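One file, structure-v4.cif, is given below (mmCIF, C-alpha atoms and all ligand atoms).
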```cif
data_work
loop_
_atom_site.group_PDB
_atom_site.id
_atom_site.type_symbol
_atom_site.label_atom_id
_atom_site.label_comp_id
_atom_site.auth_asym_id
_atom_site.auth_seq_id
_atom_site.Cartn_x
_atom_site.Cartn_y
_atom_site.Cartn_z
ATOM 1 C CA MET D 1 4.140 0.269 20.284
ATOM 2 C CA PRO D 2 3.811 3.028 17.735
ATOM 3 C CA VAL D 3 5.997 1.331 15.107
ATOM 4 C CA ARG D 4 4.094 -1.794 14.163
ATOM 5 C CA LYS D 5 5.348 -5.023 12.677
ATOM 6 C CA ILE D 6 5.010 -5.237 8.901
ATOM 7 C CA VAL D 7 3.467 -8.501 7.753
ATOM 8 C CA THR D 8 5.029 -10.166 4.749
ATOM 9 C CA TYR D 9 4.050 -12.287 1.770
ATOM 10 C CA GLY D 10 2.231 -15.484 2.670
ATOM 11 C CA GLN D 11 0.037 -14.033 5.416
ATOM 12 C CA SER D 12 -3.667 -14.095 4.640
ATOM 13 C CA VAL D 13 -4.420 -10.485 5.709
ATOM 14 C CA LEU D 14 -2.519 -9.338 2.592
ATOM 15 C CA GLU D 15 -4.904 -11.243 0.327
ATOM 16 C CA LYS D 16 -8.152 -10.071 1.901
ATOM 17 C CA MET D 17 -10.428 -7.254 0.761
ATOM 18 C CA ALA D 18 -10.083 -4.743 3.613
ATOM 19 C CA ASP D 19 -13.199 -3.377 5.339
ATOM 20 C CA PRO D 20 -14.357 0.211 4.814
ATOM 21 C CA VAL D 21 -13.893 2.528 7.791
ATOM 22 C CA ARG D 22 -17.327 3.454 9.140
ATOM 23 C CA GLU D 23 -16.192 6.033 11.667
ATOM 24 C CA ILE D 24 -12.919 7.909 12.067
ATOM 25 C CA ASP D 25 -12.575 7.297 15.786
ATOM 26 C CA GLY D 26 -9.582 7.209 18.134
ATOM 27 C CA GLU D 27 -8.648 3.735 16.985
ATOM 28 C CA ILE D 28 -8.401 4.806 13.336
ATOM 29 C CA ILE D 29 -6.450 7.949 14.229
ATOM 30 C CA GLU D 30 -4.012 5.850 16.268
ATOM 31 C CA LEU D 31 -3.739 3.316 13.435
ATOM 32 C CA ALA D 32 -2.956 6.076 10.908
ATOM 33 C CA ARG D 33 -0.380 7.658 13.217
ATOM 34 C CA ASP D 34 1.314 4.296 13.793
ATOM 35 C CA MET D 35 1.263 3.585 10.049
ATOM 36 C CA VAL D 36 3.090 6.850 9.334
ATOM 37 C CA LEU D 37 5.734 6.022 11.956
ATOM 38 C CA THR D 38 6.051 2.470 10.612
ATOM 39 C CA MET D 39 6.320 3.690 7.006
ATOM 40 C CA HIS D 40 8.997 6.239 7.903
ATOM 41 C CA ALA D 41 10.941 3.761 10.040
ATOM 42 C CA ALA D 42 10.932 1.049 7.356
ATOM 43 C CA PRO D 43 11.762 3.282 5.383
ATOM 44 C CA GLY D 44 9.062 3.310 2.739
ATOM 45 C CA ILE D 45 7.013 5.722 0.613
ATOM 46 C CA GLY D 46 3.650 4.059 1.141
ATOM 47 C CA LEU D 47 1.816 1.724 3.488
ATOM 48 C CA ALA D 48 -1.641 0.174 3.661
ATOM 49 C CA ALA D 49 -3.320 -0.943 6.895
ATOM 50 C CA PRO D 50 -3.342 -4.672 5.966
ATOM 51 C CA GLN D 51 0.472 -4.462 5.995
ATOM 52 C CA VAL D 52 0.323 -3.858 9.754
ATOM 53 C CA ASN D 53 -2.239 -6.650 10.084
ATOM 54 C CA VAL D 54 -5.328 -4.423 10.193
ATOM 55 C CA SER D 55 -7.887 -5.222 7.490
ATOM 56 C CA LYS D 56 -9.206 -1.662 7.113
ATOM 57 C CA ARG D 57 -9.195 0.755 4.184
ATOM 58 C CA VAL D 58 -6.518 3.212 5.306
ATOM 59 C CA ILE D 59 -3.386 4.174 3.366
ATOM 60 C CA THR D 60 -0.430 6.455 4.045
ATOM 61 C CA VAL D 61 1.867 7.893 1.375
ATOM 62 C CA ASP D 62 4.953 10.082 1.690
ATOM 63 C CA LEU D 63 7.349 10.346 -1.235
ATOM 64 C CA SER D 64 9.741 12.360 0.953
ATOM 65 C CA VAL D 65 9.876 9.603 3.638
ATOM 66 C CA GLY D 66 9.457 12.154 6.419
ATOM 67 C CA GLU D 67 11.663 14.896 4.949
ATOM 68 C CA ASN D 68 8.812 17.181 3.937
ATOM 69 C CA PRO D 69 5.667 17.266 6.126
ATOM 70 C CA ASP D 70 3.638 18.603 3.154
ATOM 71 C CA ASP D 71 4.242 15.354 1.283
ATOM 72 C CA LEU D 72 2.440 13.212 3.858
ATOM 73 C CA ILE D 73 -0.946 11.964 2.673
ATOM 74 C CA ILE D 74 -3.310 9.890 4.796
ATOM 75 C CA LEU D 75 -6.444 8.624 3.094
ATOM 76 C CA VAL D 76 -9.333 6.732 4.659
ATOM 77 C CA ASN D 77 -11.541 4.721 2.287
ATOM 78 C CA PRO D 78 -9.512 5.780 -0.765
ATOM 79 C CA GLU D 79 -11.060 5.254 -4.181
ATOM 80 C CA LEU D 80 -9.539 5.703 -7.624
ATOM 81 C CA LEU D 81 -11.929 7.897 -9.591
ATOM 82 C CA GLU D 82 -10.006 8.032 -12.866
ATOM 83 C CA THR D 83 -6.896 6.469 -14.328
ATOM 84 C CA ASP D 84 -5.212 7.430 -17.564
ATOM 85 C CA GLY D 85 -2.161 6.444 -19.610
ATOM 86 C CA GLU D 86 0.475 3.824 -18.899
ATOM 87 C CA GLU D 87 3.914 3.870 -17.370
ATOM 88 C CA VAL D 88 6.334 1.060 -16.622
ATOM 89 C CA SER D 89 8.671 1.530 -13.668
ATOM 90 C CA GLU D 90 10.360 -0.529 -10.985
ATOM 91 C CA GLU D 91 8.319 -1.268 -7.921
ATOM 92 C CA GLY D 92 8.903 -2.911 -4.573
ATOM 93 C CA CYS D 93 6.864 -3.530 -1.449
ATOM 94 C CA LEU D 94 7.690 -3.608 2.266
ATOM 95 C CA SER D 95 5.631 -6.811 2.486
ATOM 96 C CA VAL D 96 7.582 -8.485 -0.327
ATOM 97 C CA PRO D 97 11.164 -7.774 0.773
ATOM 98 C CA GLY D 98 13.973 -8.231 -1.719
ATOM 99 C CA ILE D 99 11.796 -8.208 -4.845
ATOM 100 C CA HIS D 100 11.895 -5.296 -7.280
ATOM 101 C CA GLU D 101 10.252 -5.661 -10.664
ATOM 102 C CA ASN D 102 8.959 -3.477 -13.460
ATOM 103 C CA VAL D 103 5.216 -2.990 -13.220
ATOM 104 C CA LYS D 104 2.850 -1.246 -15.615
ATOM 105 C CA ARG D 105 0.634 1.341 -13.915
ATOM 106 C CA PRO D 106 -1.537 4.257 -14.999
ATOM 107 C CA ALA D 107 0.518 7.405 -15.654
ATOM 108 C CA ARG D 108 -2.145 9.621 -14.096
ATOM 109 C CA VAL D 109 -4.800 9.012 -11.484
ATOM 110 C CA ARG D 110 -7.459 10.933 -9.620
ATOM 111 C CA ILE D 111 -8.060 9.544 -6.153
ATOM 112 C CA LYS D 112 -10.509 10.508 -3.452
ATOM 113 C CA GLY D 113 -10.661 9.658 0.210
ATOM 114 C CA LEU D 114 -11.229 11.135 3.640
ATOM 115 C CA ASP D 115 -8.616 12.815 5.769
ATOM 116 C CA LEU D 116 -8.519 12.131 9.516
ATOM 117 C CA LYS D 117 -11.043 14.929 10.112
ATOM 118 C CA GLY D 118 -13.504 13.170 7.823
ATOM 119 C CA LYS D 119 -13.146 15.786 5.099
ATOM 120 C CA GLU D 120 -13.209 14.527 1.525
ATOM 121 C CA LYS D 121 -10.038 15.055 -0.461
ATOM 122 C CA VAL D 122 -9.541 14.660 -4.191
ATOM 123 C CA ILE D 123 -5.943 14.390 -5.392
ATOM 124 C CA ASP D 124 -4.624 14.356 -8.965
ATOM 125 C CA ALA D 125 -1.314 12.531 -9.229
ATOM 126 C CA THR D 126 1.189 11.559 -11.902
ATOM 127 C CA GLY D 127 4.347 9.472 -12.058
ATOM 128 C CA GLN D 128 5.590 7.965 -8.829
ATOM 129 C CA LEU D 129 2.783 9.405 -6.697
ATOM 130 C CA ALA D 130 0.167 7.905 -9.029
ATOM 131 C CA ARG D 131 2.048 4.598 -8.837
ATOM 132 C CA VAL D 132 2.091 4.561 -5.036
ATOM 133 C CA PHE D 133 -1.635 5.338 -4.850
ATOM 134 C CA CYS D 134 -2.384 2.424 -7.207
ATOM 135 C CA HIS D 135 -0.063 0.115 -5.232
ATOM 136 C CA GLU D 136 -1.686 0.997 -1.887
ATOM 137 C CA VAL D 137 -5.262 0.783 -3.211
ATOM 138 C CA ASP D 138 -4.340 -2.670 -4.551
ATOM 139 C CA HIS D 139 -3.225 -3.600 -1.018
ATOM 140 C CA ILE D 140 -6.597 -2.760 0.527
ATOM 141 C CA ASN D 141 -8.216 -4.834 -2.232
ATOM 142 C CA GLY D 142 -6.026 -7.793 -1.269
ATOM 143 C CA ARG D 143 -3.642 -7.587 -4.222
ATOM 144 C CA LEU D 144 0.151 -7.537 -4.170
ATOM 145 C CA PHE D 145 2.211 -5.988 -6.973
ATOM 146 C CA ILE D 146 3.731 -9.343 -7.872
ATOM 147 C CA GLU D 147 0.289 -10.436 -9.094
ATOM 148 C CA LYS D 148 0.685 -7.920 -11.920
ATOM 149 C CA LEU D 149 3.789 -9.607 -13.348
ATOM 150 C CA SER D 150 3.745 -11.941 -16.343
ATOM 151 C CA PRO D 151 2.896 -15.570 -15.450
ATOM 152 C CA LEU D 152 6.508 -16.642 -15.983
ATOM 153 C CA LYS D 153 7.961 -13.800 -13.912
ATOM 154 C CA LYS D 154 5.363 -14.370 -11.205
ATOM 155 C CA ALA D 155 6.273 -18.052 -10.986
ATOM 156 C CA LEU D 156 9.971 -17.171 -10.634
ATOM 157 C CA VAL D 157 9.296 -14.581 -7.930
ATOM 158 C CA LYS D 158 7.023 -16.938 -5.984
ATOM 159 C CA LYS D 159 9.658 -19.669 -6.168
ATOM 160 C CA LYS D 160 12.239 -17.243 -4.790
ATOM 161 C CA LEU D 161 9.916 -16.116 -1.983
ATOM 162 C CA LYS D 162 9.102 -19.712 -1.081
ATOM 163 C CA LYS D 163 12.787 -20.595 -0.906
ATOM 164 C CA GLU D 164 13.403 -17.688 1.454
ATOM 165 C CA ARG D 165 10.509 -18.549 3.753
ATOM 166 C CA PRO D 166 9.840 -22.255 3.432
ATOM 167 C CA THR D 167 7.053 -22.131 6.023
ATOM 168 C CA GLY D 168 5.251 -19.466 3.982
ATOM 169 C CA GLY D 169 5.371 -17.052 6.894
ATOM 170 C CA ARG D 170 3.750 -17.108 10.279
ATOM 171 C CA GLU D 171 0.386 -15.694 11.275
HETATM 172 NI NI NI W 1 3.271 -2.662 -0.817
#
```

Show the structure stored in the file as structure tokens.
Ligand code: NI
Amino acid sequence: MPVRKIVTYGQSVLEKMADPVREIDGEIIELARDMVLTMHAAPGIGLAAPQVNVSKRVITVDLSVGENPDDLIILVNPELLETDGEEVSEEGCLSVPGIHENVKRPARVRIKGLDLKGKEKVIDATGQLARVFCHEVDHINGRLFIEKLSPLKKALVKKKLKKERPTGGRE
């Protein structure tokens, strides 16, 4: 099952600090490959492993959603090295369907991580790419974008999400 099920708001894996990857073995390579397929199928521009119910520090990003192979970025154990500036733009999340809100993020970031060959990569990003990196790194730290909203907005969004899934989701 290469395209995996995306877990949604209310499931505990989304609120957990994900574990670092100790070795890029077959399991991690398969996970990353499935994440890319899942992200493209959704369709989405970014995905973090907890969103497919795997609490590991792996993210995939592709602003072209599969149109341009050069745009695909897979990072293992990603880490934001520097952030700079501020930018407010609308954001959504495959794990929080139906909610789109303005979120303040750094305008520029420098991120490092390993590719699937274990080689360290450092990427400088601005605008939407910087935003997606911040969003996905938040995911592996157990944080959803709705946590960044004002208390009032957050309360409204949570009320809406609760109404839509009164059971709070299934494990
Ligand atoms: Ni997300």

Assuming 8 Å of padding per side, give the centre and edge lengths of the axis-aligned box around every listed atom of region 12-24 of chain D, in Å to one decimal and as lines of an AutoDock Vina configuration file.
```
center_x = -9.9
center_y = -3.1
center_z = 6.2
size_x = 30.8
size_y = 38.0
size_z = 27.7
```

Sorted by chain and rising residue number, list the residues of chain D at most 12 Å from ligand NI 1 (chain W) (counting all atoms listed in the file), each with its closest atom pair and distance in Å to one decimal, as a tab-separated table.
```
residue	atom	partner	partner_atom	distance
D:Ile6	CA	W:NI1	NI	10.2
D:Val7	CA	W:NI1	NI	10.4
D:Thr8	CA	W:NI1	NI	9.5
D:Tyr9	CA	W:NI1	NI	10.0
D:Leu14	CA	W:NI1	NI	9.5
D:Glu15	CA	W:NI1	NI	11.9
D:Met39	CA	W:NI1	NI	10.5
D:Ala42	CA	W:NI1	NI	11.8
D:Gly44	CA	W:NI1	NI	9.0
D:Ile45	CA	W:NI1	NI	9.3
D:Gly46	CA	W:NI1	NI	7.0
D:Leu47	CA	W:NI1	NI	6.3
D:Ala48	CA	W:NI1	NI	7.2
D:Ala49	CA	W:NI1	NI	10.3
D:Pro50	CA	W:NI1	NI	9.7
D:Gln51	CA	W:NI1	NI	7.6
D:Val52	CA	W:NI1	NI	11.0
D:Ile59	CA	W:NI1	NI	10.4
D:Thr60	CA	W:NI1	NI	11.0
D:Val61	CA	W:NI1	NI	10.9
D:Glu91	CA	W:NI1	NI	8.8
D:Gly92	CA	W:NI1	NI	6.8
D:Cys93	CA	W:NI1	NI	3.7
D:Leu94	CA	W:NI1	NI	5.5
D:Ser95	CA	W:NI1	NI	5.8
D:Val96	CA	W:NI1	NI	7.3
D:Pro97	CA	W:NI1	NI	9.5
D:Ile99	CA	W:NI1	NI	10.9
D:His100	CA	W:NI1	NI	11.1
D:Arg131	CA	W:NI1	NI	10.9
D:Val132	CA	W:NI1	NI	8.4
D:Phe133	CA	W:NI1	NI	10.2
D:Cys134	CA	W:NI1	NI	9.9
D:His135	CA	W:NI1	NI	6.2
D:Glu136	CA	W:NI1	NI	6.3
D:Val137	CA	W:NI1	NI	9.5
D:Asp138	CA	W:NI1	NI	8.5
D:His139	CA	W:NI1	NI	6.6
D:Ile140	CA	W:NI1	NI	10.0
D:Asn141	CA	W:NI1	NI	11.8
D:Gly142	CA	W:NI1	NI	10.6
D:Arg143	CA	W:NI1	NI	9.1
D:Leu144	CA	W:NI1	NI	6.7
D:Phe145	CA	W:NI1	NI	7.1
D:Ile146	CA	W:NI1	NI	9.7
D:Glu147	CA	W:NI1	NI	11.7
```

Margin query: With distances taken over only C-alpha atoms, which residue among D:Asp115, D:Asp124, D:Asp70, D:Glu164 lies nearest Thr83 (chain D)?
Written below: D:Asp124

Give me the region 35-128 of chain D side of the contact with region 16-28 of chain D, cut-off 7 Å, one line per residue showing its nearest atom pair and distance in Å at one decimal, counting only C-alpha atoms, sorted by chain and residue number, as CSV.
```
residue,atom,partner,partner_atom,distance
D:Ser55,CA,D:Ala18,CA,4.5
D:Lys56,CA,D:Asp19,CA,4.7
D:Arg57,CA,D:Pro20,CA,5.2
D:Val76,CA,D:Val21,CA,6.9
D:Asn77,CA,D:Pro20,CA,5.9
D:Leu116,CA,D:Ile24,CA,6.6
D:Gly118,CA,D:Ile24,CA,6.8
```

Next item on the list: Compare D:Lys162, D:Leu63, D:Pro151, D:Val88 by their minimum atom-to-atom distance to Ala125 (chain D), counting only C-alpha atoms, and give me the closest one.
Entry: D:Leu63

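You will find CA of Leu156 (chain D) at 24.5 Å from CA of Glu86 (chain D).
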
Next item on the list: Evaluate the PyMOL selection byres (((chain D and resi 36) around 9) and not hetatm) here and jot the selected residues down as a PyMOL selection string.
Entry: chain D and resi 3+31-35+37-41+46-47+60-62+66+72+74

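CA of Val54 (chain D) is positioned 10.6 Å from CA of Arg4 (chain D).
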
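Straight-line separation from CA of Pro2 (chain D) to CA of Pro78 (chain D): 23.0 Å.
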